[in-house]
$ cat upload_18.txt   # compact mmCIF, N, CA and C atoms
# COMPACT_ATOMS: atom_id res chain seq x y z
N LEU P 224 12.16 -1.59 38.96
CA LEU P 224 11.00 -2.00 38.18
C LEU P 224 10.37 -3.22 38.81
N PHE P 225 9.09 -3.40 38.54
CA PHE P 225 8.32 -4.47 39.16
C PHE P 225 8.75 -5.84 38.66
N HIS P 226 8.87 -6.75 39.56
CA HIS P 226 9.09 -8.19 39.38
C HIS P 226 10.51 -8.50 38.94
N ARG P 227 10.71 -9.64 38.28
CA ARG P 227 12.06 -10.14 38.01
C ARG P 227 12.09 -10.88 36.67
N LYS P 228 13.28 -11.36 36.34
CA LYS P 228 13.43 -12.14 35.11
C LYS P 228 12.48 -13.33 35.14
N THR P 229 12.18 -13.85 34.00
CA THR P 229 11.23 -14.93 33.74
C THR P 229 9.78 -14.47 33.81
N THR P 230 9.54 -13.17 34.00
CA THR P 230 8.19 -12.63 33.91
C THR P 230 8.16 -11.62 32.78
N LEU P 231 6.96 -11.23 32.38
CA LEU P 231 6.81 -10.25 31.31
C LEU P 231 6.56 -8.84 31.82
N PHE P 232 6.71 -8.66 33.14
CA PHE P 232 6.67 -7.32 33.70
C PHE P 232 7.98 -6.62 33.34
N GLU P 233 8.01 -5.29 33.46
CA GLU P 233 9.19 -4.53 33.04
C GLU P 233 10.46 -4.98 33.77
N GLY P 234 10.34 -5.40 35.01
CA GLY P 234 11.51 -5.90 35.74
C GLY P 234 12.07 -7.18 35.15
N GLY P 235 11.30 -7.84 34.33
CA GLY P 235 11.74 -9.09 33.71
C GLY P 235 12.19 -8.95 32.28
N ILE P 236 11.75 -7.90 31.59
CA ILE P 236 12.08 -7.80 30.16
C ILE P 236 12.84 -6.53 29.77
N ARG P 237 12.78 -5.50 30.58
CA ARG P 237 13.41 -4.23 30.18
C ARG P 237 14.90 -4.25 30.55
N VAL P 238 15.71 -3.98 29.56
CA VAL P 238 17.15 -3.87 29.78
C VAL P 238 17.68 -2.70 28.96
N PRO P 239 18.71 -2.03 29.44
CA PRO P 239 19.29 -0.96 28.64
C PRO P 239 20.13 -1.55 27.51
N CYS P 240 20.25 -0.79 26.45
CA CYS P 240 21.12 -1.17 25.33
C CYS P 240 22.14 -0.05 25.18
N ILE P 241 23.40 -0.40 25.33
CA ILE P 241 24.47 0.60 25.24
C ILE P 241 25.30 0.28 24.01
N MET P 242 25.48 1.29 23.17
CA MET P 242 26.26 1.10 21.95
C MET P 242 27.34 2.16 21.87
N HIS P 243 28.47 1.76 21.31
CA HIS P 243 29.59 2.68 21.13
C HIS P 243 30.08 2.57 19.70
N TRP P 244 29.89 3.67 18.96
CA TRP P 244 30.33 3.73 17.57
C TRP P 244 30.57 5.20 17.25
N PRO P 245 31.70 5.74 17.69
CA PRO P 245 31.95 7.18 17.58
C PRO P 245 31.80 7.75 16.17
N GLU P 246 32.10 6.95 15.14
CA GLU P 246 32.01 7.46 13.77
C GLU P 246 30.57 7.67 13.31
N LYS P 247 29.63 6.98 13.92
CA LYS P 247 28.23 7.05 13.46
C LYS P 247 27.26 7.57 14.52
N ILE P 248 27.48 7.20 15.77
CA ILE P 248 26.56 7.59 16.84
C ILE P 248 27.23 8.69 17.65
N GLY P 249 26.57 9.83 17.74
CA GLY P 249 27.14 10.95 18.47
C GLY P 249 27.34 10.64 19.96
N LYS P 250 28.29 11.31 20.57
CA LYS P 250 28.59 11.14 21.98
C LYS P 250 27.39 11.61 22.81
N GLY P 251 27.01 10.81 23.77
CA GLY P 251 25.94 11.17 24.68
C GLY P 251 24.53 11.06 24.11
N VAL P 252 24.38 10.44 22.95
CA VAL P 252 23.06 10.30 22.34
C VAL P 252 22.25 9.28 23.13
N VAL P 253 21.03 9.65 23.46
CA VAL P 253 20.12 8.77 24.18
C VAL P 253 18.84 8.66 23.36
N SER P 254 18.34 7.46 23.22
CA SER P 254 17.12 7.23 22.46
C SER P 254 16.10 6.50 23.33
N ASP P 255 14.85 6.87 23.18
CA ASP P 255 13.76 6.17 23.86
C ASP P 255 13.13 5.12 22.95
N GLN P 256 13.78 4.82 21.83
CA GLN P 256 13.25 3.85 20.88
C GLN P 256 13.04 2.50 21.54
N ILE P 257 11.86 1.95 21.38
CA ILE P 257 11.57 0.62 21.87
C ILE P 257 12.14 -0.37 20.87
N ALA P 258 12.87 -1.34 21.35
CA ALA P 258 13.48 -2.34 20.48
C ALA P 258 13.50 -3.69 21.19
N ILE P 259 13.80 -4.71 20.43
CA ILE P 259 13.86 -6.08 20.96
C ILE P 259 15.11 -6.73 20.35
N THR P 260 15.58 -7.80 20.93
CA THR P 260 16.83 -8.40 20.51
C THR P 260 16.88 -8.68 19.02
N MET P 261 15.79 -9.13 18.42
CA MET P 261 15.82 -9.43 16.99
C MET P 261 16.10 -8.17 16.16
N ASP P 262 15.85 -6.99 16.71
CA ASP P 262 16.20 -5.76 16.01
C ASP P 262 17.71 -5.60 15.92
N LEU P 263 18.41 -5.99 16.97
CA LEU P 263 19.88 -5.91 16.94
C LEU P 263 20.42 -6.86 15.87
N SER P 264 19.87 -8.05 15.79
CA SER P 264 20.31 -9.00 14.77
C SER P 264 20.14 -8.41 13.37
N LYS P 265 18.98 -7.85 13.11
CA LYS P 265 18.71 -7.27 11.78
C LYS P 265 19.63 -6.07 11.52
N THR P 266 19.90 -5.28 12.54
CA THR P 266 20.79 -4.13 12.40
C THR P 266 22.20 -4.58 12.06
N PHE P 267 22.71 -5.58 12.76
CA PHE P 267 24.06 -6.06 12.50
C PHE P 267 24.19 -6.69 11.12
N LEU P 268 23.15 -7.39 10.66
CA LEU P 268 23.15 -7.94 9.31
C LEU P 268 23.20 -6.81 8.27
N ALA P 269 22.43 -5.76 8.51
CA ALA P 269 22.43 -4.62 7.59
C ALA P 269 23.81 -3.97 7.56
N LEU P 270 24.43 -3.81 8.71
CA LEU P 270 25.76 -3.22 8.78
C LEU P 270 26.80 -4.05 8.04
N ALA P 271 26.60 -5.36 8.04
CA ALA P 271 27.53 -6.27 7.35
C ALA P 271 27.21 -6.37 5.86
N GLY P 272 26.15 -5.69 5.42
CA GLY P 272 25.79 -5.72 4.01
C GLY P 272 25.08 -6.99 3.60
N ILE P 273 24.50 -7.69 4.56
CA ILE P 273 23.79 -8.94 4.30
C ILE P 273 22.31 -8.65 4.17
N ASP P 274 21.68 -9.22 3.17
CA ASP P 274 20.24 -9.04 2.98
C ASP P 274 19.50 -9.60 4.19
N GLN P 275 18.70 -8.77 4.81
CA GLN P 275 17.99 -9.19 6.03
C GLN P 275 16.48 -9.25 5.84
N GLN P 276 16.04 -9.31 4.58
CA GLN P 276 14.61 -9.31 4.29
C GLN P 276 13.86 -10.45 4.95
N SER P 277 14.49 -11.61 5.08
CA SER P 277 13.78 -12.77 5.63
C SER P 277 13.86 -12.85 7.15
N TYR P 278 14.41 -11.82 7.79
CA TYR P 278 14.54 -11.82 9.25
C TYR P 278 13.50 -10.89 9.88
N ASP P 279 13.02 -11.28 11.04
CA ASP P 279 12.11 -10.42 11.79
C ASP P 279 12.90 -9.27 12.41
N GLY P 280 12.18 -8.25 12.83
CA GLY P 280 12.81 -7.12 13.49
C GLY P 280 12.95 -5.94 12.54
N ILE P 281 13.58 -4.89 13.05
CA ILE P 281 13.84 -3.70 12.24
C ILE P 281 15.31 -3.35 12.32
N ASN P 282 15.79 -2.67 11.30
CA ASN P 282 17.15 -2.16 11.28
C ASN P 282 17.15 -0.87 12.11
N LEU P 283 17.90 -0.86 13.20
CA LEU P 283 17.94 0.29 14.10
C LEU P 283 18.93 1.37 13.68
N LEU P 284 19.71 1.13 12.65
CA LEU P 284 20.73 2.11 12.25
C LEU P 284 20.15 3.50 12.00
N PRO P 285 19.01 3.64 11.28
CA PRO P 285 18.46 4.98 11.10
C PRO P 285 18.10 5.67 12.43
N VAL P 286 17.68 4.90 13.41
CA VAL P 286 17.34 5.46 14.72
C VAL P 286 18.60 5.82 15.49
N MET P 287 19.63 4.98 15.36
CA MET P 287 20.88 5.21 16.08
C MET P 287 21.62 6.44 15.58
N THR P 288 21.47 6.75 14.30
CA THR P 288 22.23 7.85 13.72
C THR P 288 21.45 9.16 13.62
N ASP P 289 20.16 9.12 13.90
CA ASP P 289 19.33 10.33 13.84
C ASP P 289 18.30 10.26 14.95
N LYS P 290 18.51 11.05 16.02
CA LYS P 290 17.63 10.96 17.19
C LYS P 290 16.19 11.37 16.88
N ASN P 291 15.97 12.05 15.77
CA ASN P 291 14.61 12.43 15.38
C ASN P 291 13.89 11.32 14.61
N ASN P 292 14.60 10.27 14.28
CA ASN P 292 14.03 9.16 13.53
C ASN P 292 13.62 8.07 14.53
N THR P 293 12.33 7.88 14.72
CA THR P 293 11.84 6.82 15.60
C THR P 293 10.89 5.92 14.81
N VAL P 294 10.71 4.73 15.30
CA VAL P 294 9.85 3.76 14.64
C VAL P 294 8.80 3.32 15.64
N GLU P 295 7.55 3.39 15.24
CA GLU P 295 6.47 2.90 16.11
C GLU P 295 6.51 1.38 16.09
N ARG P 296 6.57 0.79 17.25
CA ARG P 296 6.71 -0.66 17.37
C ARG P 296 5.57 -1.25 18.18
N THR P 297 5.14 -2.42 17.80
CA THR P 297 4.26 -3.23 18.63
C THR P 297 5.03 -4.51 18.90
N LEU P 298 5.23 -4.81 20.17
CA LEU P 298 6.00 -5.98 20.57
C LEU P 298 5.10 -6.97 21.30
N PHE P 299 5.37 -8.24 21.11
CA PHE P 299 4.58 -9.31 21.71
C PHE P 299 5.50 -10.27 22.45
N TRP P 300 4.99 -10.81 23.55
CA TRP P 300 5.71 -11.82 24.32
C TRP P 300 4.73 -12.87 24.82
N ARG P 301 5.25 -14.05 25.07
CA ARG P 301 4.48 -15.06 25.79
C ARG P 301 5.47 -15.92 26.56
N SER P 302 5.06 -16.34 27.70
CA SER P 302 5.88 -17.19 28.56
C SER P 302 4.99 -18.30 29.09
N ASN P 303 5.37 -19.52 28.83
CA ASN P 303 4.58 -20.66 29.27
C ASN P 303 5.41 -21.56 30.18
N SER P 304 6.12 -20.96 31.10
CA SER P 304 6.92 -21.76 32.01
C SER P 304 6.01 -22.48 33.01
N LYS P 305 6.55 -23.46 33.68
CA LYS P 305 5.78 -24.19 34.68
C LYS P 305 5.37 -23.26 35.82
N ALA P 306 6.22 -22.29 36.12
CA ALA P 306 5.97 -21.39 37.24
C ALA P 306 4.94 -20.31 36.92
N ARG P 307 4.88 -19.91 35.65
CA ARG P 307 4.02 -18.77 35.32
C ARG P 307 3.66 -18.78 33.84
N ARG P 308 2.39 -18.51 33.54
CA ARG P 308 1.93 -18.40 32.15
C ARG P 308 1.50 -16.95 31.93
N GLN P 309 2.19 -16.28 31.01
CA GLN P 309 1.89 -14.89 30.73
C GLN P 309 1.93 -14.61 29.24
N LYS P 310 1.18 -13.59 28.84
CA LYS P 310 1.24 -13.03 27.49
C LYS P 310 1.24 -11.52 27.66
N ALA P 311 1.89 -10.83 26.73
CA ALA P 311 1.92 -9.37 26.83
C ALA P 311 2.07 -8.77 25.44
N VAL P 312 1.59 -7.54 25.32
CA VAL P 312 1.76 -6.76 24.10
C VAL P 312 2.07 -5.33 24.51
N ARG P 313 3.00 -4.71 23.79
CA ARG P 313 3.36 -3.32 24.02
C ARG P 313 3.11 -2.55 22.74
N MET P 314 2.24 -1.52 22.84
CA MET P 314 1.94 -0.63 21.71
C MET P 314 2.17 0.80 22.20
N GLY P 315 3.23 1.41 21.71
CA GLY P 315 3.54 2.76 22.16
C GLY P 315 3.74 2.80 23.66
N LYS P 316 3.00 3.66 24.32
CA LYS P 316 3.13 3.79 25.76
C LYS P 316 2.34 2.74 26.53
N TRP P 317 1.47 1.98 25.85
CA TRP P 317 0.57 1.04 26.50
C TRP P 317 1.15 -0.38 26.54
N LYS P 318 0.92 -1.04 27.65
CA LYS P 318 1.32 -2.44 27.79
C LYS P 318 0.18 -3.22 28.43
N TYR P 319 -0.25 -4.27 27.73
CA TYR P 319 -1.30 -5.16 28.22
C TYR P 319 -0.64 -6.47 28.63
N ILE P 320 -0.98 -6.96 29.80
CA ILE P 320 -0.45 -8.24 30.30
C ILE P 320 -1.61 -9.13 30.70
N LEU P 321 -1.54 -10.37 30.25
CA LEU P 321 -2.44 -11.42 30.72
C LEU P 321 -1.58 -12.35 31.55
N ASP P 322 -1.79 -12.33 32.85
CA ASP P 322 -1.01 -13.15 33.80
C ASP P 322 -1.95 -14.20 34.36
N VAL P 323 -1.86 -15.43 33.84
CA VAL P 323 -2.79 -16.52 34.12
C VAL P 323 -4.19 -16.03 33.75
N ASN P 324 -5.01 -15.60 34.70
CA ASN P 324 -6.35 -15.09 34.39
C ASN P 324 -6.52 -13.62 34.76
N CYS P 325 -5.46 -12.97 35.14
CA CYS P 325 -5.51 -11.57 35.55
C CYS P 325 -5.06 -10.68 34.39
N GLU P 326 -5.93 -9.73 34.00
CA GLU P 326 -5.61 -8.82 32.90
C GLU P 326 -5.23 -7.46 33.45
N MET P 327 -4.15 -6.89 32.88
CA MET P 327 -3.66 -5.59 33.34
C MET P 327 -3.29 -4.71 32.16
N LEU P 328 -3.46 -3.41 32.34
CA LEU P 328 -3.06 -2.43 31.34
C LEU P 328 -2.29 -1.34 32.06
N PHE P 329 -1.13 -1.00 31.50
CA PHE P 329 -0.30 0.03 32.10
C PHE P 329 0.09 1.08 31.08
N ASN P 330 0.19 2.33 31.53
CA ASN P 330 0.72 3.42 30.72
C ASN P 330 2.18 3.57 31.15
N LEU P 331 3.10 3.01 30.37
CA LEU P 331 4.50 3.00 30.77
C LEU P 331 5.15 4.38 30.72
N GLU P 332 4.54 5.32 30.00
CA GLU P 332 5.07 6.69 30.01
C GLU P 332 4.92 7.31 31.39
N LYS P 333 3.81 7.04 32.05
CA LYS P 333 3.52 7.63 33.35
C LYS P 333 3.80 6.67 34.51
N ASP P 334 3.89 5.38 34.22
CA ASP P 334 3.97 4.37 35.29
C ASP P 334 4.88 3.23 34.87
N ILE P 335 6.18 3.50 34.79
CA ILE P 335 7.13 2.48 34.36
C ILE P 335 7.21 1.34 35.37
N ALA P 336 6.84 1.59 36.61
CA ALA P 336 6.89 0.57 37.66
C ALA P 336 5.68 -0.36 37.62
N GLU P 337 4.73 -0.10 36.75
CA GLU P 337 3.53 -0.92 36.60
C GLU P 337 2.78 -1.08 37.93
N ASN P 338 2.53 0.05 38.54
CA ASN P 338 1.79 0.07 39.81
C ASN P 338 0.30 0.28 39.64
N GLU P 339 -0.10 1.02 38.60
CA GLU P 339 -1.50 1.39 38.43
C GLU P 339 -2.13 0.64 37.26
N ASN P 340 -2.97 -0.33 37.56
CA ASN P 340 -3.66 -1.10 36.52
C ASN P 340 -4.82 -0.27 35.97
N LEU P 341 -4.74 0.08 34.70
CA LEU P 341 -5.75 0.92 34.04
C LEU P 341 -6.71 0.10 33.18
N PHE P 342 -6.76 -1.20 33.42
CA PHE P 342 -7.56 -2.11 32.61
C PHE P 342 -9.01 -1.67 32.47
N TYR P 343 -9.64 -1.30 33.55
CA TYR P 343 -11.06 -0.93 33.51
C TYR P 343 -11.30 0.50 33.03
N GLN P 344 -10.29 1.34 33.05
CA GLN P 344 -10.45 2.72 32.60
C GLN P 344 -10.35 2.89 31.09
N HIS P 345 -9.77 1.92 30.40
CA HIS P 345 -9.54 2.06 28.95
C HIS P 345 -9.95 0.80 28.19
N PRO P 346 -11.23 0.48 28.17
CA PRO P 346 -11.68 -0.76 27.52
C PRO P 346 -11.39 -0.81 26.02
N GLN P 347 -11.41 0.33 25.33
CA GLN P 347 -11.14 0.32 23.89
C GLN P 347 -9.69 -0.02 23.60
N ILE P 348 -8.78 0.51 24.40
CA ILE P 348 -7.36 0.20 24.23
C ILE P 348 -7.12 -1.27 24.53
N VAL P 349 -7.73 -1.77 25.60
CA VAL P 349 -7.60 -3.18 25.95
C VAL P 349 -8.11 -4.06 24.82
N SER P 350 -9.26 -3.72 24.28
CA SER P 350 -9.84 -4.51 23.20
C SER P 350 -8.92 -4.55 21.98
N GLU P 351 -8.36 -3.42 21.60
CA GLU P 351 -7.45 -3.35 20.46
C GLU P 351 -6.19 -4.19 20.72
N MET P 352 -5.65 -4.08 21.92
CA MET P 352 -4.42 -4.80 22.23
C MET P 352 -4.67 -6.30 22.30
N LYS P 353 -5.80 -6.71 22.85
CA LYS P 353 -6.14 -8.13 22.91
C LYS P 353 -6.33 -8.69 21.50
N SER P 354 -6.93 -7.90 20.63
CA SER P 354 -7.14 -8.31 19.25
C SER P 354 -5.80 -8.49 18.54
N GLN P 355 -4.88 -7.55 18.73
CA GLN P 355 -3.56 -7.65 18.12
C GLN P 355 -2.79 -8.84 18.67
N LEU P 356 -2.91 -9.05 19.97
CA LEU P 356 -2.23 -10.19 20.60
C LEU P 356 -2.76 -11.51 20.04
N GLN P 357 -4.07 -11.60 19.87
CA GLN P 357 -4.67 -12.82 19.33
C GLN P 357 -4.23 -13.05 17.89
N ALA P 358 -4.17 -12.00 17.10
CA ALA P 358 -3.71 -12.12 15.71
C ALA P 358 -2.26 -12.61 15.67
N TRP P 359 -1.43 -12.09 16.56
CA TRP P 359 -0.03 -12.53 16.63
C TRP P 359 0.04 -14.00 17.05
N GLU P 360 -0.75 -14.37 18.07
CA GLU P 360 -0.78 -15.77 18.52
C GLU P 360 -1.21 -16.68 17.38
N ASP P 361 -2.24 -16.29 16.64
CA ASP P 361 -2.71 -17.10 15.51
C ASP P 361 -1.60 -17.27 14.48
N GLU P 362 -0.87 -16.20 14.19
CA GLU P 362 0.24 -16.26 13.23
C GLU P 362 1.34 -17.20 13.75
N MET P 363 1.69 -17.08 15.02
CA MET P 363 2.72 -17.93 15.60
C MET P 363 2.31 -19.39 15.61
N ASN P 364 1.04 -19.66 15.83
CA ASN P 364 0.56 -21.04 15.90
C ASN P 364 0.44 -21.71 14.54
N LYS P 365 0.54 -20.93 13.46
CA LYS P 365 0.50 -21.50 12.11
C LYS P 365 1.76 -22.31 11.81
N HIS P 366 2.83 -21.99 12.47
CA HIS P 366 4.12 -22.57 12.17
C HIS P 366 4.52 -23.59 13.23
N THR P 367 4.99 -24.73 12.79
CA THR P 367 5.49 -25.74 13.72
C THR P 367 6.95 -25.42 14.02
N PRO P 368 7.29 -25.24 15.28
CA PRO P 368 8.69 -24.94 15.60
C PRO P 368 9.61 -26.11 15.23
N ARG P 369 10.82 -25.77 14.83
CA ARG P 369 11.81 -26.80 14.47
C ARG P 369 12.43 -27.42 15.71
N PHE P 370 12.23 -26.79 16.84
CA PHE P 370 12.80 -27.30 18.09
C PHE P 370 11.84 -26.98 19.22
N LYS P 371 11.98 -27.69 20.31
CA LYS P 371 11.11 -27.49 21.46
C LYS P 371 11.74 -26.49 22.41
N VAL P 372 10.97 -25.51 22.80
CA VAL P 372 11.43 -24.51 23.75
C VAL P 372 10.83 -24.85 25.11
N ARG P 373 11.65 -24.92 26.10
CA ARG P 373 11.16 -25.25 27.44
C ARG P 373 11.12 -24.02 28.29
$ encode --input "upload_18.txt" --output "structure tokens"
Amino acid sequence: LFHRKTTLFEGGIRVPCIMHWPEKIGKGVVSDQIAITMDLSKTFLALAGIDQQSYDGINLLPVMTDKNNTVERTLFWRSNSKARRQKAVRMGKWKYILDVNCEMLFNLEKDIAENENLFYQHPQIVSEMKSQLQAWEDEMNKHTPRFKVR
């Protein structure tokens, strides 16, 4: 996959998730469900019987136990390191990346390596994704973090 850790390209954020739970998850089950680390936290809280209403993410247990059960996800990222400033949003098969001042759109179903920038071919998709990203940024900026992230 393109690029490396500390970037928002697939080479920097995509990792496999391997789970083993023979009593609940069938042998050899593979899911294409898009998930993020906070989903694992919410799933483990649900498994422990702890109320997870105040936590972000989704409970993946229904997806893990039924391969026909998928959840449509929109994921957001931002990285403001000294080396690179990026923002990204993933909606279904589409991924929009703002890398400093360069905007890119990729169809990850057809181009997981992020080789073909479709930014100019799909202006409506770009507009929708930029709007969603801005709404997420606005929501995140409403809250003062309790700690500084470097």
$ select_by_dssp --input "upload_18.txt" --residues "segment 248-373 of chain P" --states "strand (DSSP E or B)" --output "ChimeraX atom specification"
/P:297-303,308-314,317-322,325-330
$ closest_residue --input "upload_18.txt" --among "P:Pro239, P:Pro346, P:Pro368, P:Gly249" --to "Asp289 of chain P" --atoms "all atoms listed in the file"
P:Gly249
$ atom_distance --input "upload_18.txt" --atom1 "atom CA of Met287 of chain P" --atom2 "atom CA of Phe299 of chain P"
22.5 Å
$ residues_around --input "upload_18.txt" --residues "segment 304-321 of chain P" --least-positions-apart "2" --cutoff "8 Å" --atoms "only C-alpha atoms" --output "PyMOL selection string"
chain P and resi 230-232+295-302+323-332+349+352-353+356+373
$ atom_distance --input "upload_18.txt" --atom1 "atom C of Gln275 of chain P" --atom2 "atom CA of Gln355 of chain P"
23.6 Å
$ residues_around --input "upload_18.txt" --residues "segment 252-269 of chain P" --least-positions-apart "4" --cutoff "7 Å" --atoms "all atoms listed in the file" --output "list of chain:residue names"
P:Ile248, P:Ile273, P:Asp274, P:Gln275, P:Tyr278, P:Asp279, P:Gly280, P:Ile281, P:Asn282, P:Leu283, P:Leu284, P:Lys290, P:Thr293, P:Val294, P:Arg296
$ select_by_dssp --input "upload_18.txt" --residues "segment 226-372 of chain P" --states "helix (DSSP H, G or I)" --output "PyMOL selection string"
chain P and resi 233-236+260-270+284-288+346-364
$ residues_near_point --input "upload_18.txt" --point "(11.7, -3.0, 40.5)" --cutoff "8 Å" --atoms "all atoms listed in the file" --output "list of chain:residue names"
P:Leu224, P:Phe225, P:His226, P:Arg227, P:Glu233, P:Gly234, P:Gly235, P:Ala336
$ atom_distance --input "upload_18.txt" --atom1 "atom CA of Gly272 of chain P" --atom2 "atom CA of Pro285 of chain P"
14.8 Å
$ closest_residue --input "upload_18.txt" --among "P:Thr288, P:Lys333, P:Asn338, P:Ser277" --to "Met242 of chain P" --atoms "only C-alpha atoms"
P:Thr288
